[in-house]
file model34.txt (compact mmCIF, C-alpha atoms and all ligand atoms)
# COMPACT_ATOMS: atom_id res chain seq x y z
CA MET A 1 33.11 86.58 99.18
CA SER A 2 29.82 88.41 98.93
CA GLY A 3 30.07 92.14 98.28
CA SER A 4 33.50 93.64 97.96
CA ARG A 5 35.72 91.08 99.70
CA ARG A 6 36.98 88.20 97.61
CA ALA A 7 38.37 85.10 99.30
CA SER A 8 41.99 84.21 98.58
CA THR A 9 42.46 81.19 96.31
CA GLY A 10 43.31 78.89 99.21
CA GLU A 11 40.36 80.02 101.33
CA TYR A 12 38.00 79.86 98.35
CA GLU A 13 38.77 76.19 97.69
CA SER A 14 37.85 75.25 101.27
CA LEU A 15 34.52 77.12 101.33
CA VAL A 16 31.13 75.48 100.77
CA LYS A 17 29.68 77.80 98.14
CA LEU A 18 25.88 77.87 98.36
CA CYS A 19 25.45 81.59 97.67
CA PHE A 20 25.27 82.19 93.90
CA ASN A 21 23.10 79.32 92.61
CA GLU A 22 26.09 77.89 90.80
CA ASN A 23 26.43 74.33 89.60
CA PRO A 24 28.74 72.47 92.00
CA TYR A 25 29.66 69.72 89.54
CA GLY A 26 31.50 71.77 86.94
CA PRO A 27 31.00 71.50 83.18
CA PRO A 28 30.53 68.10 81.50
CA GLU A 29 33.66 66.33 80.17
CA SER A 30 32.57 67.02 76.60
CA VAL A 31 32.40 70.76 77.31
CA MET A 32 35.79 70.80 79.03
CA LYS A 33 37.27 69.07 76.00
CA ALA A 34 35.73 71.55 73.56
CA MET A 35 36.96 74.51 75.60
CA THR A 36 40.46 73.07 75.88
CA GLY A 37 40.48 72.60 72.09
CA ALA A 38 39.42 76.23 71.60
CA LEU A 39 42.42 77.50 73.57
CA LYS A 40 44.34 77.47 70.29
CA TYR A 41 42.25 80.49 69.25
CA ALA A 42 43.38 82.54 72.25
CA ASN A 43 45.40 84.87 70.01
CA ARG A 44 42.65 85.38 67.37
CA TYR A 45 39.58 87.54 66.69
CA GLY A 46 38.31 85.84 63.55
CA TYR A 47 38.35 82.25 64.83
CA PRO A 48 35.68 79.64 64.01
CA ASP A 49 33.11 79.96 66.78
CA GLY A 50 31.91 76.37 67.14
CA GLY A 51 28.60 77.30 65.49
CA ILE A 52 27.20 78.64 68.75
CA VAL A 53 24.51 80.89 67.25
CA GLN A 54 23.36 78.16 64.85
CA ALA A 55 23.27 75.68 67.75
CA ILE A 56 21.09 78.00 69.85
CA ALA A 57 18.80 78.82 66.93
CA ALA A 58 18.37 75.13 66.07
CA HIS A 59 17.78 74.25 69.74
CA HIS A 60 14.82 76.65 69.90
CA GLY A 61 13.62 76.48 66.31
CA VAL A 62 14.25 80.20 65.75
CA ALA A 63 16.25 82.08 63.10
CA HIS A 64 19.81 83.34 63.70
CA ALA A 65 18.39 86.85 63.57
CA ASN A 66 16.38 86.08 66.72
CA VAL A 67 19.49 85.26 68.79
CA LEU A 68 21.73 87.69 70.66
CA LEU A 69 24.78 86.26 72.47
CA GLY A 70 26.05 87.81 75.67
CA ALA A 71 28.87 87.40 78.17
CA GLY A 72 26.34 85.81 80.51
CA SER A 73 22.65 86.58 80.35
CA SER A 74 23.56 89.56 82.55
CA GLU A 75 24.90 91.25 79.45
CA ILE A 76 21.56 90.78 77.69
CA LEU A 77 19.75 92.26 80.72
CA ASP A 78 22.09 95.26 80.56
CA ILE A 79 21.60 95.69 76.82
CA ALA A 80 17.82 95.51 77.24
CA GLY A 81 18.01 98.06 80.05
CA THR A 82 20.12 100.47 78.02
CA ALA A 83 18.11 100.07 74.82
CA LEU A 84 14.62 100.11 76.25
CA LEU A 85 14.86 102.43 79.23
CA VAL A 86 16.45 105.39 77.44
CA GLY A 87 14.70 108.69 77.91
CA GLY A 88 13.47 108.14 81.47
CA LYS A 89 11.35 105.05 80.86
CA LYS A 90 10.37 102.89 83.81
CA VAL A 91 10.90 99.18 84.42
CA VAL A 92 8.11 97.24 86.14
CA GLY A 93 8.54 94.00 88.09
CA VAL A 94 8.34 92.43 91.53
CA GLU A 95 10.53 92.54 94.59
CA PRO A 96 12.43 90.50 95.54
CA THR A 97 13.65 89.29 92.18
CA PHE A 98 16.98 89.19 90.32
CA GLY A 99 17.77 92.88 90.65
CA ALA A 100 20.16 93.48 87.73
CA VAL A 101 17.60 95.30 85.57
CA TYR A 102 16.55 97.53 88.46
CA GLU A 103 20.20 98.35 89.19
CA HIS A 104 20.75 99.15 85.55
CA ALA A 105 17.70 101.43 85.59
CA ALA A 106 19.07 103.17 88.69
CA GLY A 107 22.37 103.72 86.83
CA LEU A 108 20.40 105.44 84.05
CA LYS A 109 18.55 107.48 86.72
CA ASP A 110 15.36 105.73 85.68
CA ASP A 111 12.60 104.55 87.99
CA ALA A 112 11.80 100.97 88.78
CA ILE A 113 8.27 100.15 89.87
CA ARG A 114 8.84 97.26 92.27
CA LEU A 115 5.68 95.50 93.29
CA PRO A 116 5.41 93.29 96.36
CA LEU A 117 4.97 89.54 96.02
CA ARG A 118 1.60 88.06 96.95
CA ALA A 119 1.10 86.60 100.43
CA ASP A 120 1.96 83.18 98.99
CA PHE A 121 5.25 84.61 97.61
CA ARG A 122 4.11 84.31 93.98
CA GLN A 123 4.42 87.16 91.46
CA ASP A 124 1.30 89.31 91.36
CA ILE A 125 0.39 89.37 87.66
CA PRO A 126 -2.77 91.54 87.96
CA ALA A 127 -0.71 94.11 89.92
CA ILE A 128 1.99 94.12 87.21
CA VAL A 129 -0.66 94.59 84.49
CA LYS A 130 -2.22 97.46 86.43
CA ALA A 131 1.14 99.17 87.05
CA VAL A 132 2.02 98.95 83.34
CA LYS A 133 -1.36 100.38 82.29
CA ASP A 134 -1.27 103.11 84.95
CA ASN A 135 2.20 104.23 83.81
CA HIS A 136 1.74 103.77 80.08
CA PRO A 137 3.39 105.12 77.86
CA ASN A 138 6.29 105.64 80.27
CA VAL A 139 7.01 101.94 80.81
CA GLY A 140 10.03 100.81 78.77
CA LEU A 141 10.27 97.25 80.04
CA VAL A 142 8.57 94.64 82.19
CA TYR A 143 10.91 92.20 83.93
CA LEU A 144 9.59 88.75 84.80
CA CYS A 145 11.95 86.18 86.28
CA ASN A 146 10.54 82.68 85.77
CA PRO A 147 11.22 80.79 87.98
CA ASN A 148 11.88 83.74 90.24
CA ASN A 149 15.19 84.23 91.97
CA PRO A 150 15.34 84.25 95.05
CA THR A 151 12.05 82.44 95.79
CA GLY A 152 12.31 79.64 93.19
CA LEU A 153 8.58 79.97 92.45
CA ILE A 154 7.23 79.77 88.92
CA VAL A 155 4.82 81.94 86.98
CA THR A 156 2.39 79.56 85.25
CA LYS A 157 1.89 79.57 81.48
CA GLU A 158 -1.66 80.94 82.05
CA GLU A 159 -0.25 83.81 84.10
CA VAL A 160 2.36 84.66 81.45
CA LYS A 161 -0.48 84.79 78.92
CA GLU A 162 -2.58 86.91 81.29
CA LEU A 163 0.33 89.36 81.57
CA LEU A 164 1.05 89.56 77.84
CA ASP A 165 -2.60 89.84 76.91
CA GLY A 166 -3.26 92.38 79.67
CA ILE A 167 -0.65 95.02 78.80
CA PRO A 168 -0.41 97.24 75.70
CA PRO A 169 1.19 94.97 73.04
CA GLU A 170 4.07 97.32 72.27
CA VAL A 171 5.49 97.21 75.82
CA PRO A 172 8.51 94.84 75.82
CA VAL A 173 8.60 92.07 78.43
CA LEU A 174 11.89 90.41 79.36
CA ILE A 175 11.26 86.89 80.62
CA ASP A 176 14.36 85.62 82.41
CA GLU A 177 14.51 81.83 82.19
CA ALA A 178 17.90 81.37 83.89
CA TYR A 179 16.49 78.44 85.91
CA HIS A 180 14.27 76.97 83.19
CA HIS A 181 16.03 73.60 83.12
CA PHE A 182 15.19 72.77 86.73
CA VAL A 183 11.40 73.20 86.52
CA GLU A 184 9.18 70.13 86.94
CA ASP A 185 5.79 71.79 87.51
CA PRO A 186 3.63 71.08 84.42
CA ARG A 187 1.88 74.45 84.81
CA TYR A 188 5.14 76.12 83.69
CA GLU A 189 6.13 76.54 80.05
CA THR A 190 8.97 78.39 78.34
CA SER A 191 7.94 81.69 76.75
CA VAL A 192 9.99 81.09 73.57
CA PRO A 193 6.76 80.49 71.54
CA TYR A 194 5.87 84.15 72.13
CA VAL A 195 9.13 85.15 70.41
CA LEU A 196 8.20 82.97 67.44
CA ALA A 197 4.76 84.56 67.40
CA GLY A 198 6.37 88.01 67.10
CA ARG A 199 5.25 89.32 70.50
CA GLN A 200 7.43 91.99 72.12
CA VAL A 201 9.13 89.43 74.33
CA ILE A 202 12.82 88.82 75.09
CA VAL A 203 13.55 85.41 76.61
CA THR A 204 16.94 85.14 78.28
CA ARG A 205 18.80 81.93 79.05
CA THR A 206 22.18 81.25 80.60
CA PHE A 207 24.86 78.56 80.48
CA SER A 208 25.89 79.52 84.02
CA LYS A 209 23.51 77.20 85.85
CA ILE A 210 22.64 73.92 84.13
CA ALA A 211 25.85 73.90 82.01
CA ALA A 212 28.08 75.05 84.90
CA LEU A 213 29.77 77.81 82.87
CA ALA A 214 29.27 80.76 85.27
CA GLY A 215 32.96 81.64 85.22
CA MET A 216 33.12 81.43 81.42
CA ARG A 217 30.27 83.97 80.91
CA LEU A 218 27.81 82.84 78.26
CA GLY A 219 24.12 83.58 77.88
CA TYR A 220 21.71 84.73 75.21
CA GLY A 221 18.51 86.50 74.46
CA LEU A 222 15.82 85.48 71.98
CA ALA A 223 13.50 88.11 70.55
CA PRO A 224 11.55 88.90 67.39
CA VAL A 225 13.56 90.83 64.80
CA THR A 226 11.67 94.08 65.42
CA LEU A 227 12.82 94.02 69.05
CA MET A 228 16.31 92.73 68.20
CA GLU A 229 16.75 95.77 65.97
CA ARG A 230 16.42 97.92 69.09
CA LEU A 231 18.87 95.79 71.14
CA ARG A 232 21.67 95.05 68.64
CA PRO A 233 23.10 98.60 68.42
CA TYR A 234 24.08 98.24 72.09
CA ALA A 235 25.63 94.76 71.75
CA ASP A 236 29.39 94.17 71.79
CA ASN A 237 30.30 91.50 69.24
CA LEU A 238 33.57 90.67 71.01
CA SER A 239 32.34 90.23 74.58
CA VAL A 240 31.94 86.43 74.43
CA ASN A 241 35.24 84.55 74.39
CA ALA A 242 36.23 81.62 72.17
CA LEU A 243 36.21 79.03 74.96
CA ALA A 244 32.70 79.98 76.04
CA LYS A 245 31.40 79.71 72.47
CA TRP A 246 32.86 76.27 71.89
CA GLY A 247 31.87 75.08 75.36
CA GLY A 248 28.31 76.37 74.96
CA ALA A 249 27.80 74.78 71.55
CA THR A 250 28.97 71.44 72.95
CA ALA A 251 26.79 71.74 76.07
CA LEU A 252 23.70 72.12 73.90
CA GLN A 253 24.59 68.81 72.21
CA ASP A 254 25.28 66.94 75.46
CA ALA A 255 21.69 66.71 76.69
CA ALA A 256 22.43 63.51 78.62
CA ALA A 257 25.09 65.19 80.77
CA LEU A 258 22.78 68.15 81.52
CA GLN A 259 19.96 65.78 82.40
CA ARG A 260 22.19 63.93 84.90
CA VAL A 261 23.13 67.18 86.63
CA ARG A 262 19.49 68.23 86.75
CA ASN A 263 18.41 64.93 88.29
CA ASP A 264 21.19 65.00 90.88
CA LEU A 265 20.50 68.59 91.91
CA LEU A 266 16.73 68.09 92.13
CA GLN A 267 17.18 64.94 94.21
CA THR A 268 19.58 66.72 96.55
CA ARG A 269 17.24 69.73 96.83
CA LYS A 270 14.28 67.53 97.73
CA LYS A 271 16.25 65.60 100.34
CA THR A 272 17.60 68.78 101.95
CA VAL A 273 14.17 70.45 101.95
CA SER A 274 12.51 67.43 103.53
CA GLU A 275 15.15 67.39 106.28
CA LEU A 276 14.52 71.08 106.99
CA GLU A 277 10.76 70.47 107.03
CA GLY A 278 11.38 67.56 109.39
CA LEU A 279 13.04 70.06 111.73
CA GLY A 280 9.87 72.17 111.61
CA TYR A 281 10.91 74.84 109.09
CA GLN A 282 8.83 76.00 106.14
CA VAL A 283 10.52 76.05 102.75
CA LEU A 284 9.11 77.83 99.70
CA PRO A 285 8.14 75.36 96.93
CA SER A 286 11.16 75.91 94.69
CA GLU A 287 11.41 74.78 91.07
CA ALA A 288 15.08 75.75 90.82
CA ASN A 289 18.58 74.77 92.01
CA PHE A 290 18.11 76.79 95.21
CA PHE A 291 15.42 77.22 97.83
CA MET A 292 14.33 79.65 100.52
CA VAL A 293 13.81 78.54 104.09
CA ASN A 294 11.84 80.62 106.59
CA LEU A 295 14.08 81.02 109.64
CA ARG A 296 11.48 82.98 111.64
CA ARG A 297 14.33 85.24 112.71
CA GLN A 298 16.53 87.75 110.91
CA ALA A 299 18.63 86.00 108.27
CA ARG A 300 21.55 88.42 108.48
CA SER A 301 23.16 87.05 111.65
CA VAL A 302 22.46 83.45 110.55
CA ILE A 303 24.30 84.14 107.27
CA GLN A 304 27.26 85.38 109.31
CA SER A 305 27.19 82.26 111.51
CA PHE A 306 27.34 80.09 108.38
CA ARG A 307 30.24 82.20 107.11
CA GLU A 308 32.15 81.57 110.33
CA ARG A 309 31.76 77.84 109.61
CA GLY A 310 33.13 78.19 106.08
CA ILE A 311 29.71 78.03 104.40
CA LEU A 312 28.50 80.78 102.06
CA VAL A 313 24.73 81.13 101.75
CA GLY A 314 22.63 83.79 100.02
CA ARG A 315 22.52 87.42 101.14
CA PRO A 316 19.36 89.00 102.63
CA PHE A 317 16.62 89.71 100.05
CA PRO A 318 14.47 92.55 101.38
CA PRO A 319 11.66 92.56 102.25
CA LEU A 320 11.99 88.79 102.97
CA LEU A 321 14.46 89.38 105.78
CA GLU A 322 13.63 86.19 107.68
CA HIS A 323 14.14 83.92 104.68
CA LEU A 324 17.48 82.38 103.80
CA ARG A 325 18.30 81.50 100.18
CA VAL A 326 20.41 78.39 99.85
CA SER A 327 21.86 77.08 96.57
CA VAL A 328 21.87 73.33 96.08
CA GLY A 329 25.38 71.88 96.21
CA THR A 330 26.63 68.30 96.23
CA PRO A 331 25.14 65.82 98.77
CA GLU A 332 28.30 66.25 100.89
CA GLU A 333 28.00 70.03 100.84
CA MET A 334 24.33 69.86 101.80
CA SER A 335 25.07 67.57 104.70
CA ARG A 336 27.66 70.13 105.93
CA PHE A 337 24.99 72.79 105.48
CA LEU A 338 22.44 70.80 107.50
CA ASP A 339 24.87 70.08 110.33
CA ALA A 340 25.70 73.78 110.55
CA PHE A 341 22.00 74.70 110.31
CA LYS A 342 21.16 72.54 113.33
CA GLU A 343 24.08 73.99 115.28
CA ILE A 344 23.17 77.59 114.48
CA MET A 345 19.40 77.34 114.78
CA GLY A 346 19.24 74.96 117.77
CA GLY A 347 16.85 71.99 118.07
CA PRO A 348 13.73 71.21 116.01
CA LYS A 349 11.13 74.01 115.80
CA HIS A 350 7.85 72.14 116.11
N1 LIG B 401 19.13 85.90 85.77
C1 LIG B 401 18.94 85.32 86.95
C2 LIG B 401 17.55 85.10 87.41
C3 LIG B 401 20.03 84.91 87.73
O1 LIG B 401 19.80 84.37 88.92
C4 LIG B 401 21.33 85.13 87.25
C5 LIG B 401 22.52 84.75 88.04
O2 LIG B 401 22.45 84.33 89.16
C6 LIG B 401 21.48 85.74 86.01
C7 LIG B 401 20.36 86.12 85.29
C8 LIG B 401 22.81 86.08 85.44
O3 LIG B 401 23.45 84.96 85.01
P1 LIG B 401 24.65 85.02 83.98
O4 LIG B 401 25.00 86.44 83.74
O5 LIG B 401 25.75 84.28 84.64
O6 LIG B 401 24.14 84.34 82.76

call {"tool": "encode", "arguments": {"input": "model34.txt", "output": "structure tokens"}}
result
Amino acid sequence: MSGSRRASTGEYESLVKLCFNENPYGPPESVMKAMTGALKYANRYGYPDGGIVQAIAAHHGVAHANVLLGAGSSEILDIAGTALLVGGKKVVGVEPTFGAVYEHAAGLKDDAIRLPLRADFRQDIPAIVKAVKDNHPNVGLVYLCNPNNPTGLIVTKEEVKELLDGIPPEVPVLIDEAYHHFVEDPRYETSVPYVLAGRQVIVTRTFSKIAALAGMRLGYGLAPVTLMERLRPYADNLSVNALAKWGGATALQDAAALQRVRNDLLQTRKKTVSELEGLGYQVLPSEANFFMVNLRRQARSVIQSFRERGILVGRPFPPLLEHLRVSVGTPEEMSRFLDAFKEIMGGPKH
């Protein structure tokens, strides 16, 4: 499944899929109903769109002009990369993180300045500030994933402020909040207020995780109009399909269903993590719907052993080659994961 090989439909159904931080429960009933209703627009371009942009704008208290829809937040990351890295500009961020912006930069033959995480696996804000200043005016974009994928660790609201106040104000910062809904740590805060304040910040969100719409492709970016004016020329107004728009607008209204999924996934994550800790393994303090466990041996062969047991877990994330990223599935899936983990790794490691 990972990389080039796709499982056949039959094989796919039987696999335990803990590799892409997806939502194992599927979209809420209300969302399924809205999407089914929107199927009648399958033959149209100019269909009513369920009020998706208005719904997002109202949800965040921003204007329509601050919202850019994408076929997944990946599309917004690509648009930001294309718009802001033209002319050989550099992107600055940490490694490991969600690498899409770096890959996009590589496609444009641009440089990425990838800074190591701190010893405690957190993002090194002073190092990012320094790299931006040292490379100014050649930095086109700073990428900050909060919480970070693959570690699950947050950047605190003080650190976000330290970053934004520390760099030249005209340097755009993309703050990727794909896992925002899972955070419990009170030191975290969304960065949407910076958009409202007119800072050069793009906040991205996705319906792929909490709303379980990964296969439907819906995400968005929020930015002040001055920054949106740079992004919009690269946007494709037809990339988001009718079902995704209607499903997304309904998901934003069904807060109770999203809250249930959040509670279930957090409870399952905590239970799985405490079992792994009970076996003597260290797990990074995740605030997301996935976690990283330190195997104290190369993850690559362990990933393969899980694959042989019909369980897909995350790929290696250099330079953290002894850590395994595991997405949180249903309680049944996590108990299959734990059984396989004990089999593959042997007895407790105390
Ligand atoms: N950002 C982060 C941090 C992610 O982990 C992902 C997907 O795993 C995405 C963005 C892209 O999500 P999508 O394009 O499905 O919205």

call {"tool": "residues_near_ligand", "arguments": {"input": "model34.txt", "ligand": "ligand LIG 401 (chain B)", "cutoff": "7 Å", "atoms": "all atoms listed in the file", "output": "list in words"}}
result
Phe20, Asn21, Ala71, Gly72, Ser73, Ser74, Glu75, Phe98, Cys145, Asn148, Asn149, Asp176, Glu177, Ala178, Tyr179, Arg205, Thr206, Phe207, Ser208, Ala214, Arg217, Leu218 and Gly219 of chain A

call {"tool": "residues_around", "arguments": {"input": "model34.txt", "residues": "A:Arg336", "least_positions_apart": "2", "cutoff": "12 Å", "atoms": "only C-alpha atoms", "output": "PDB file with C-alpha atoms, in the coordinates of the input"}}
result
ATOM      1  CA  LEU A  15      34.520  77.120 101.330  1.00  0.00           C
ATOM      2  CA  VAL A  16      31.130  75.480 100.770  1.00  0.00           C
ATOM      3  CA  LYS A  17      29.680  77.800  98.140  1.00  0.00           C
ATOM      4  CA  LEU A  18      25.880  77.870  98.360  1.00  0.00           C
ATOM      5  CA  THR A 272      17.600  68.780 101.950  1.00  0.00           C
ATOM      6  CA  PHE A 306      27.340  80.090 108.380  1.00  0.00           C
ATOM      7  CA  ARG A 309      31.760  77.840 109.610  1.00  0.00           C
ATOM      8  CA  GLY A 310      33.130  78.190 106.080  1.00  0.00           C
ATOM      9  CA  ILE A 311      29.710  78.030 104.400  1.00  0.00           C
ATOM     10  CA  LEU A 312      28.500  80.780 102.060  1.00  0.00           C
ATOM     11  CA  VAL A 328      21.870  73.330  96.080  1.00  0.00           C
ATOM     12  CA  GLY A 329      25.380  71.880  96.210  1.00  0.00           C
ATOM     13  CA  THR A 330      26.630  68.300  96.230  1.00  0.00           C
ATOM     14  CA  PRO A 331      25.140  65.820  98.770  1.00  0.00           C
ATOM     15  CA  GLU A 332      28.300  66.250 100.890  1.00  0.00           C
ATOM     16  CA  GLU A 333      28.000  70.030 100.840  1.00  0.00           C
ATOM     17  CA  MET A 334      24.330  69.860 101.800  1.00  0.00           C
ATOM     18  CA  LEU A 338      22.440  70.800 107.500  1.00  0.00           C
ATOM     19  CA  ASP A 339      24.870  70.080 110.330  1.00  0.00           C
ATOM     20  CA  ALA A 340      25.700  73.780 110.550  1.00  0.00           C
ATOM     21  CA  PHE A 341      22.000  74.700 110.310  1.00  0.00           C
ATOM     22  CA  LYS A 342      21.160  72.540 113.330  1.00  0.00           C
ATOM     23  CA  GLU A 343      24.080  73.990 115.280  1.00  0.00           C
TER      24      GLU A 343
END

call {"tool": "residues_around", "arguments": {"input": "model34.txt", "residues": "stretch 25-41 of chain A", "least_positions_apart": "3", "cutoff": "7 Å", "atoms": "only C-alpha atoms", "output": "MDAnalysis selection string"}}
result
chainID A and resid 44 47 211:213 242:244 246:247 250:251 257

call {"tool": "closest_residue", "arguments": {"input": "model34.txt", "among": "A:Asn289, A:Leu196, A:Val86, A:Leu324", "to": "A:Ile303", "atoms": "all atoms listed in the file"}}
result
A:Leu324

call {"tool": "residues_around", "arguments": {"input": "model34.txt", "residues": "A:Pro224", "least_positions_apart": "2", "cutoff": "8 Å", "atoms": "only C-alpha atoms", "output": "mmCIF file with C-alpha atoms, keeping the file's coordinate frame"}}
result
data_model
loop_
_atom_site.group_PDB
_atom_site.id
_atom_site.type_symbol
_atom_site.label_atom_id
_atom_site.label_comp_id
_atom_site.auth_asym_id
_atom_site.auth_seq_id
_atom_site.Cartn_x
_atom_site.Cartn_y
_atom_site.Cartn_z
ATOM 1 C CA ASN A 66 16.380 86.080 66.720
ATOM 2 C CA VAL A 195 9.130 85.150 70.410
ATOM 3 C CA LEU A 196 8.200 82.970 67.440
ATOM 4 C CA GLY A 198 6.370 88.010 67.100
ATOM 5 C CA ARG A 199 5.250 89.320 70.500
ATOM 6 C CA GLN A 200 7.430 91.990 72.120
ATOM 7 C CA VAL A 201 9.130 89.430 74.330
ATOM 8 C CA ILE A 202 12.820 88.820 75.090
ATOM 9 C CA LEU A 222 15.820 85.480 71.980
ATOM 10 C CA THR A 226 11.670 94.080 65.420
ATOM 11 C CA LEU A 227 12.820 94.020 69.050
ATOM 12 C CA MET A 228 16.310 92.730 68.200
#

call {"tool": "atom_distance", "arguments": {"input": "model34.txt", "atom1": "atom CA of A:Val92", "atom2": "atom CA of A:Leu284"}}
result
23.7 Å

call {"tool": "closest_residue", "arguments": {"input": "model34.txt", "among": "A:Ala288, A:Leu108, A:Val225, A:Leu164", "to": "A:Gly152", "atoms": "all atoms listed in the file"}}
result
A:Ala288
